[in-house]
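File shown: start_4.cif (mmCIF, C-alpha atoms).
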```
data_model
#
loop_
_atom_site.label_atom_id
_atom_site.label_comp_id
_atom_site.auth_asym_id
_atom_site.auth_seq_id
_atom_site.Cartn_x
_atom_site.Cartn_y
_atom_site.Cartn_z
CA VAL K 1 -0.40 61.76 -43.28
CA TRP K 2 0.08 60.79 -46.92
CA ASP K 3 3.87 61.27 -46.65
CA ALA K 4 3.95 59.08 -43.53
CA TYR K 5 1.93 56.43 -45.36
CA GLN K 6 4.31 56.48 -48.32
CA LEU K 7 7.30 56.10 -46.01
CA GLY K 8 5.63 53.19 -44.21
CA VAL K 9 5.76 54.83 -40.77
CA LEU K 10 2.08 55.67 -40.25
CA ASP K 11 0.93 54.29 -36.89
CA GLY K 12 -1.45 51.36 -37.10
CA LEU K 13 -0.51 50.34 -40.66
CA PRO K 14 1.99 47.71 -41.81
CA GLN K 15 5.47 49.03 -42.51
CA LYS K 16 6.35 49.56 -46.14
CA ALA K 17 8.54 46.68 -47.33
CA PRO K 18 12.22 47.61 -47.84
CA ASN K 19 13.86 47.06 -51.21
CA THR K 20 17.27 45.84 -50.07
CA LEU K 21 18.74 43.54 -47.43
CA LYS K 22 20.66 46.48 -45.96
CA GLU K 23 17.49 48.50 -45.40
CA ALA K 24 15.67 45.52 -43.86
CA VAL K 25 18.57 44.85 -41.46
CA LYS K 26 18.63 48.53 -40.48
CA ARG K 27 14.94 48.45 -39.56
CA PHE K 28 15.36 45.17 -37.71
CA LEU K 29 18.12 46.61 -35.50
CA GLU K 30 16.09 49.78 -34.85
CA ARG K 31 13.39 47.81 -33.05
CA THR K 32 12.59 49.30 -29.67
CA ASP K 33 11.88 45.90 -28.10
CA LEU K 34 15.52 44.78 -28.44
CA ARG K 35 17.87 45.36 -25.54
CA PRO K 36 21.30 46.94 -26.26
CA LYS K 37 23.17 43.69 -25.61
CA THR K 38 20.81 41.81 -27.94
CA LYS K 39 21.25 44.43 -30.65
CA ARG K 40 25.03 44.09 -30.46
CA SER K 41 24.78 40.32 -30.72
CA TYR K 42 22.33 40.48 -33.64
CA GLY K 43 24.43 43.14 -35.33
CA ALA K 44 27.52 40.90 -35.48
CA GLY K 45 25.65 38.01 -37.12
CA LEU K 46 23.80 40.18 -39.62
CA LYS K 47 26.97 42.09 -40.52
CA SER K 48 28.62 38.81 -41.42
CA PHE K 49 25.61 37.71 -43.45
CA CYS K 50 25.42 41.00 -45.36
CA ALA K 51 29.13 40.91 -46.15
CA THR K 52 28.71 37.52 -47.82
CA VAL K 53 25.33 37.94 -49.51
CA LYS K 54 25.88 41.64 -50.37
CA PRO K 55 23.76 44.32 -48.66
CA GLU K 56 22.34 45.75 -51.90
CA ARG K 57 20.63 42.46 -52.82
CA LYS K 58 16.85 42.69 -52.94
CA LEU K 59 15.31 41.10 -49.87
CA LYS K 60 12.93 38.94 -51.88
CA ASN K 61 15.84 37.64 -54.01
CA ILE K 62 17.67 35.96 -51.13
CA PHE K 63 17.23 32.20 -51.20
CA HIS K 64 17.95 29.06 -49.20
CA ARG K 65 21.21 28.46 -51.09
CA ASP K 66 22.50 31.90 -50.04
CA VAL K 67 22.01 31.17 -46.34
CA LEU K 68 23.46 27.68 -46.72
CA GLY K 69 26.49 28.99 -48.62
CA TRP K 70 27.09 31.60 -45.93
CA THR K 71 27.07 29.04 -43.10
CA GLU K 72 29.45 26.80 -45.07
CA GLN K 73 31.80 29.72 -45.65
CA LEU K 74 31.84 30.51 -41.91
CA LYS K 75 33.38 27.09 -41.22
CA ARG K 76 36.76 28.46 -42.29
CA THR K 77 36.75 31.42 -39.90
CA ILE K 78 34.77 30.70 -36.71
CA GLN K 79 33.89 27.79 -34.43
CA ASP K 80 30.65 25.85 -34.77
CA THR K 81 29.16 27.35 -31.60
CA SER K 82 29.61 30.88 -32.99
CA ARG K 83 28.33 29.72 -36.38
CA ALA K 84 25.17 28.36 -34.74
CA SER K 85 24.71 31.66 -32.87
CA TYR K 86 25.05 33.67 -36.10
CA LEU K 87 22.55 31.38 -37.81
CA ARG K 88 20.01 31.88 -34.99
CA THR K 89 20.33 35.62 -35.54
CA VAL K 90 19.69 35.34 -39.28
CA LYS K 91 16.72 33.02 -38.66
CA ALA K 92 15.25 35.54 -36.19
CA PHE K 93 15.71 38.31 -38.78
CA PHE K 94 13.95 36.44 -41.59
CA SER K 95 11.15 35.26 -39.26
CA TRP K 96 10.55 38.90 -38.36
CA CYS K 97 10.42 39.80 -42.08
CA VAL K 98 7.83 37.07 -42.64
CA LYS K 99 5.82 38.31 -39.68
CA LEU K 100 5.66 41.81 -41.19
CA GLY K 101 4.62 40.43 -44.57
CA TRP K 102 7.82 41.42 -46.36
CA LEU K 103 8.52 37.79 -47.27
CA GLU K 104 6.24 34.81 -47.79
CA THR K 105 8.70 32.28 -46.37
CA SER K 106 12.05 32.40 -44.61
CA PRO K 107 15.05 31.27 -46.70
CA ALA K 108 16.78 30.13 -43.48
CA THR K 109 14.09 27.69 -42.34
CA LYS K 110 15.81 24.41 -43.28
CA VAL K 111 19.40 25.48 -42.57
CA SER K 112 20.99 24.13 -39.39
CA VAL K 113 24.35 23.75 -37.64
CA SER K 114 24.85 20.47 -35.81
CA LEU K 115 26.34 20.80 -32.33
CA PRO K 116 27.01 18.09 -29.73
CA PRO K 117 24.65 18.21 -26.71
CA HIS K 118 25.90 20.70 -24.15
CA LYS K 119 25.83 19.52 -20.56
CA VAL K 120 25.06 22.36 -18.18
CA ARG K 121 27.01 22.44 -14.94
CA PHE K 122 24.96 22.37 -11.77
CA LEU K 123 25.48 22.55 -8.02
CA PRO K 124 24.53 19.34 -6.16
CA ARG K 125 22.02 19.90 -3.35
CA SER K 126 24.64 18.83 -0.81
CA ASN K 127 26.81 21.84 -1.77
CA TRP K 128 24.12 24.52 -1.68
CA GLU K 129 24.70 25.55 1.93
CA LYS K 130 28.49 25.58 1.54
CA PHE K 131 28.15 27.79 -1.55
CA LEU K 132 25.66 30.21 0.00
CA VAL K 133 27.75 30.67 3.16
CA ALA K 134 30.68 31.72 0.92
CA CYS K 135 28.59 34.40 -0.85
CA PRO K 136 28.53 38.07 0.25
CA PRO K 137 25.14 39.02 1.83
CA ALA K 138 23.38 40.66 -1.15
CA HIS K 139 24.56 38.05 -3.62
CA ARG K 140 23.62 35.23 -1.25
CA VAL K 141 19.99 36.39 -1.14
CA ARG K 142 19.72 36.56 -4.93
CA ALA K 143 21.56 33.28 -5.52
CA GLN K 144 19.41 31.52 -2.91
CA PHE K 145 16.23 32.74 -4.61
CA ILE K 146 17.41 31.38 -7.98
CA LEU K 147 18.22 28.03 -6.35
CA GLY K 148 14.68 27.97 -5.00
CA THR K 149 12.85 29.10 -8.14
CA GLY K 150 15.05 28.53 -11.22
CA LEU K 151 14.63 32.13 -12.40
CA ARG K 152 16.75 33.60 -15.17
CA SER K 153 18.99 36.52 -14.24
CA GLY K 154 16.78 39.06 -16.05
CA GLU K 155 13.65 37.68 -14.38
CA LEU K 156 15.32 38.07 -10.98
CA ILE K 157 16.35 41.71 -11.31
CA HIS K 158 12.91 42.66 -12.75
CA ALA K 159 10.92 40.80 -10.07
CA ARG K 160 8.63 43.28 -8.32
CA LYS K 161 6.90 43.25 -4.95
CA GLN K 162 3.44 43.38 -6.50
CA SER K 163 4.23 40.22 -8.49
CA ILE K 164 4.12 38.12 -5.30
CA TYR K 165 0.73 36.81 -4.23
CA ARG K 166 -0.59 34.13 -1.90
CA SER K 167 -2.48 31.14 -3.30
CA SER K 168 -4.00 28.12 -1.59
CA GLY K 169 -0.66 26.32 -1.96
CA GLY K 170 1.54 29.14 -0.66
CA LEU K 171 3.39 32.13 -2.11
CA VAL K 172 3.65 32.47 -5.89
CA LEU K 173 5.79 34.77 -8.06
CA LYS K 174 4.25 35.95 -11.32
CA ILE K 175 6.79 36.43 -14.12
CA GLU K 176 5.50 39.38 -16.13
CA ALA K 177 6.63 42.37 -18.19
CA ASP K 178 8.21 45.36 -16.47
CA PRO K 179 6.52 48.62 -17.56
CA ARG K 180 9.39 50.71 -16.19
CA ASP K 181 11.80 49.89 -19.00
CA GLY K 182 9.70 47.81 -21.37
CA TRP K 183 11.47 44.58 -20.41
CA GLU K 184 9.64 41.33 -21.16
CA PRO K 185 10.46 37.74 -20.24
CA LYS K 186 11.96 35.49 -22.88
CA ARG K 187 9.37 34.36 -25.42
CA GLY K 188 6.93 31.91 -23.85
CA SER K 189 8.26 32.55 -20.33
CA PHE K 190 5.28 34.39 -18.84
CA ARG K 191 4.40 32.07 -15.96
CA GLU K 192 3.69 31.66 -12.25
CA VAL K 193 6.36 30.06 -10.06
CA PRO K 194 5.45 28.58 -6.65
CA LEU K 195 8.04 29.55 -4.02
CA THR K 196 9.82 26.71 -2.25
CA GLY K 197 10.92 27.01 1.38
CA ILE K 198 14.44 28.15 0.46
CA ALA K 199 12.96 30.80 -1.87
CA VAL K 200 10.58 32.08 0.83
CA ASP K 201 13.51 32.44 3.25
CA ALA K 202 15.42 34.44 0.61
CA LEU K 203 12.33 36.57 -0.07
CA GLN K 204 11.94 37.47 3.60
CA GLU K 205 15.58 38.51 3.82
CA ALA K 206 15.24 40.51 0.59
CA ARG K 207 12.33 42.46 2.09
CA ARG K 208 14.52 43.38 5.05
CA THR K 209 17.49 44.29 2.85
CA TRP K 210 15.80 46.28 0.07
CA ARG K 211 12.98 48.30 1.61
CA ARG K 212 12.74 51.11 -0.95
CA GLY K 213 11.22 50.95 -4.41
CA ASP K 214 9.10 48.32 -6.16
CA TYR K 215 11.75 45.71 -6.88
CA LEU K 216 12.35 42.65 -4.72
CA PHE K 217 16.12 42.39 -5.00
CA SER K 218 17.29 46.00 -5.25
CA ASN K 219 16.21 49.49 -4.24
CA LYS K 220 16.13 50.60 -7.87
CA LEU K 221 16.11 49.02 -11.31
CA LEU K 222 19.38 47.23 -12.03
CA THR K 223 20.62 47.22 -15.61
CA SER K 224 22.93 44.32 -14.70
CA TRP K 225 24.58 42.68 -11.72
CA ASN K 226 27.90 40.98 -11.13
CA GLY K 227 26.38 37.57 -10.58
CA CYS K 228 28.96 35.43 -12.37
CA ARG K 229 31.88 37.28 -10.78
CA GLU K 230 30.42 36.85 -7.29
CA ASN K 231 29.69 33.20 -8.04
CA ARG K 232 33.31 32.66 -9.06
CA LYS K 233 34.58 34.16 -5.80
CA ALA K 234 32.10 32.16 -3.71
CA CYS K 235 33.01 28.89 -5.41
CA ARG K 236 36.68 29.59 -4.83
CA ARG K 237 36.07 30.29 -1.12
CA ALA K 238 33.93 27.17 -0.76
CA GLY K 239 36.44 24.99 -2.61
CA ILE K 240 33.93 23.79 -5.21
CA GLU K 241 33.88 23.80 -9.02
CA TYR K 242 32.83 27.11 -10.58
CA ILE K 243 29.12 27.46 -11.35
CA ASN K 244 27.77 30.47 -13.24
CA ILE K 245 24.35 32.06 -12.67
CA HIS K 246 22.70 29.81 -15.25
CA GLY K 247 24.20 26.89 -13.36
CA LEU K 248 22.13 27.87 -10.31
CA ARG K 249 19.02 27.65 -12.47
CA ALA K 250 20.17 24.22 -13.64
CA SER K 251 20.76 23.23 -10.00
CA TYR K 252 17.10 23.95 -9.24
CA ALA K 253 15.99 21.83 -12.20
CA THR K 254 18.33 18.97 -11.31
CA TYR K 255 17.11 18.94 -7.70
CA LEU K 256 13.49 18.71 -8.87
CA LEU K 257 14.45 15.82 -11.15
CA SER K 258 16.02 14.03 -8.17
CA LEU K 259 12.69 14.33 -6.34
CA GLY K 260 10.97 12.48 -9.18
CA ILE K 261 9.14 15.45 -10.70
CA ASP K 262 8.44 14.93 -14.41
CA LEU K 263 10.19 16.80 -17.21
CA LEU K 264 7.06 18.57 -18.47
CA THR K 265 6.30 20.11 -15.06
CA ILE K 266 9.90 21.25 -14.57
CA SER K 267 10.01 22.74 -18.07
CA ARG K 268 6.89 24.77 -17.31
CA LEU K 269 8.39 26.03 -14.04
CA LEU K 270 11.55 27.06 -15.90
CA GLY K 271 9.63 28.79 -18.69
CA HIS K 272 10.80 26.55 -21.54
CA THR K 273 8.66 26.53 -24.67
CA ASP K 274 9.78 22.96 -25.41
CA HIS K 275 10.44 20.30 -22.75
CA GLN K 276 13.04 18.75 -25.07
CA VAL K 277 15.38 21.60 -24.10
CA LEU K 278 15.54 20.19 -20.58
CA ALA K 279 15.82 16.61 -21.80
CA LYS K 280 18.69 17.52 -24.13
CA HIS K 281 20.85 19.36 -21.62
#
```
Rewrite the structure from the file as structure tokens, please.
Amino acid sequence: VWDAYQLGVLDGLPQKAPNTLKEAVKRFLERTDLRPKTKRSYGAGLKSFCATVKPERKLKNIFHRDVLGWTEQLKRTIQDTSRASYLRTVKAFFSWCVKLGWLETSPATKVSVSLPPHKVRFLPRSNWEKFLVACPPAHRVRAQFILGTGLRSGELIHARKQSIYRSSGGLVLKIEADPRDGWEPKRGSFREVPLTGIAVDALQEARRTWRRGDYLFSNKLLTSWNGCRENRKACRRAGIEYINIHGLRASYATYLLSLGIDLLTISRLLGHTDHQVLAKH
């Protein structure tokens, strides 16, 4: 027990603070709550940061000027969108260090990369039927449900039968963690989504298509699905501009806006932590 305490791995106690940036990054990437794709993405940004700041630097001796100098140096090698992505990774890393008590404040707090507002493509309501008819059966059911609920791709493939319940206003889907693989919705995205008519139709077809298992849109847990590829094919068949899976989510939001529903309500339905995200894009 004493050895475990000295190493900082004793259950129920705070982890022992690492001495160097390299050790802190190693622990950060060993987190069990990070998905493999997220770890790869985080790893690229932190590798770049360590190469500039030097991995043997003491964690507590990294300052605002180091992060700022790193972002300025990246201007010569990568585009601003990638630079902003790398900076988000470093901010997440230092916020985690602060949360564990290894640092008092994050040196990346006041560093930012300015990007022009990004307009998300969406599918006008008049093209929904044309798009769905061009989709293969399984993809059509999933795409139709996103159009009717605004779910993220991960929320869709982890939606379970027991998460559907009936309220006074109709059927509701509860977005919650999946105990099977430890998946959790994006931070702040635990919510309840009322099902529109188009979503209920998709749900009924899903129940006929996938009868086995606990999941709504597959017979077993999917690690991924070829949503964007199927979308590309469907858009080509329908003769419309390509829309990715996130574009279907944006189509749901845009349709609600056209009905006069306010930004705050739509943001809550989408699971945004800040309604300015919707206003910006």
Practice task
Rank K:Ala134, K:Ile157, K:Val113, K:Leu34 by their smallest atom-to-atom distance to Arg232 (chain K), using only C-alpha atoms, and report the top residue only.
Solution key: K:Ala134
Problem - Atomic distance CA of Thr273 (chain K) - CA of Ile78 (chain K), expressed in Å with one decimal - result: 29.1 Å
Which polymer residues, protein or nucleic acid, are no farther than 9 Å from (9.7, 39.1, -16.5), counting all atoms listed in the file, as a PDB file with C-alpha atoms, keeping the file's coordinate frame?
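Everything below was put into selection08.pdb:
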```pdb
ATOM      1  CA  GLY K 154      16.780  39.060 -16.050  1.00  0.00           C
ATOM      2  CA  GLU K 155      13.650  37.680 -14.380  1.00  0.00           C
ATOM      3  CA  LEU K 156      15.320  38.070 -10.980  1.00  0.00           C
ATOM      4  CA  ILE K 157      16.350  41.710 -11.310  1.00  0.00           C
ATOM      5  CA  HIS K 158      12.910  42.660 -12.750  1.00  0.00           C
ATOM      6  CA  ALA K 159      10.920  40.800 -10.070  1.00  0.00           C
ATOM      7  CA  LYS K 174       4.250  35.950 -11.320  1.00  0.00           C
ATOM      8  CA  ILE K 175       6.790  36.430 -14.120  1.00  0.00           C
ATOM      9  CA  GLU K 176       5.500  39.380 -16.130  1.00  0.00           C
ATOM     10  CA  ALA K 177       6.630  42.370 -18.190  1.00  0.00           C
ATOM     11  CA  ASP K 178       8.210  45.360 -16.470  1.00  0.00           C
ATOM     12  CA  TRP K 183      11.470  44.580 -20.410  1.00  0.00           C
ATOM     13  CA  GLU K 184       9.640  41.330 -21.160  1.00  0.00           C
ATOM     14  CA  PRO K 185      10.460  37.740 -20.240  1.00  0.00           C
ATOM     15  CA  LYS K 186      11.960  35.490 -22.880  1.00  0.00           C
ATOM     16  CA  SER K 189       8.260  32.550 -20.330  1.00  0.00           C
ATOM     17  CA  PHE K 190       5.280  34.390 -18.840  1.00  0.00           C
ATOM     18  CA  ARG K 191       4.400  32.070 -15.960  1.00  0.00           C
TER      19      ARG K 191
END
```
Handout entry: Test item: residues at most 8 Å from Leu87 (chain K), all atoms listed in the file, excluding those fewer than 2 positions along its chain, as a ChimeraX atom specification
Key = /K:45,71,83-85,89-91,112-113
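Between CA of Ala17 (chain K) and CA of Gly101 (chain K) the separation is 7.9 Å.
Candidate residues K:Lys58, K:Lys75, K:Arg160, K:Arg229 were compared for distance to His139 (chain K), and the nearest is K:Arg229, using only C-alpha atoms.
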Exercise for the section: Compute the distance from (25.1, 35.8, -4.8) to each atom, counting all atoms listed in the file, keep the residues with any atom at most 10 Å away, and return them as a PyMOL selection string; use the coordinates of the file. Expected result: chain K and resi 131-146+225-234+245
Exercise for the section: Determine, counting only C-alpha atoms, which protein, DNA and RNA residues have an atom within 10 Å of an atom of Lys220 (chain K); residues of the same chain fewer than 4 positions away are not included. Present the result as an MDAnalysis selection string. Expected result: chainID K and resid 157:158 210 212:216
Exercise for the section: Tell me, as number ranges by chain, which residues lie within 8 Å of Leu248 (chain K), counting only C-alpha atoms; anything in the same chain fewer than 2 positions away does not count. Expected result: K: 122-123, 143, 146-147, 150, 243-246, 250-252
Prev. selection, C-alpha atoms, output as a short mmCIF file (atom, residue, chain, number, x, y, z; two decimals), keeping the file's coordinate frame:
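Produced file again.cif, reproduced below:
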```cif
data_model
loop_
_atom_site.label_atom_id
_atom_site.label_comp_id
_atom_site.auth_asym_id
_atom_site.auth_seq_id
_atom_site.Cartn_x
_atom_site.Cartn_y
_atom_site.Cartn_z
CA PHE K 122 24.96 22.37 -11.77
CA LEU K 123 25.48 22.55 -8.02
CA ALA K 143 21.56 33.28 -5.52
CA ILE K 146 17.41 31.38 -7.98
CA LEU K 147 18.22 28.03 -6.35
CA GLY K 150 15.05 28.53 -11.22
CA ILE K 243 29.12 27.46 -11.35
CA ASN K 244 27.77 30.47 -13.24
CA ILE K 245 24.35 32.06 -12.67
CA HIS K 246 22.70 29.81 -15.25
CA ALA K 250 20.17 24.22 -13.64
CA SER K 251 20.76 23.23 -10.00
CA TYR K 252 17.10 23.95 -9.24
#
```
Problem - Residues returned when the PyMOL selection byres ((chain K and resi 192-196) around 10) runs on this file, as a ChimeraX atom specification - result: /K:145,147-151,163-167,169-176,189-191,197-203,268-271
Practice task
Measuring atom to atom with only C-alpha atoms, identify which of K:His64, K:Gly260, K:Ala279, K:Ile240 is nearest to Trp128 (chain K).
Solution key: K:Ile240
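Proximity ranking of K:Ala92, K:Leu103, K:Val111, K:Val277 relative to Trp70 (chain K) places K:Val111 first, based on all atoms listed in the file.
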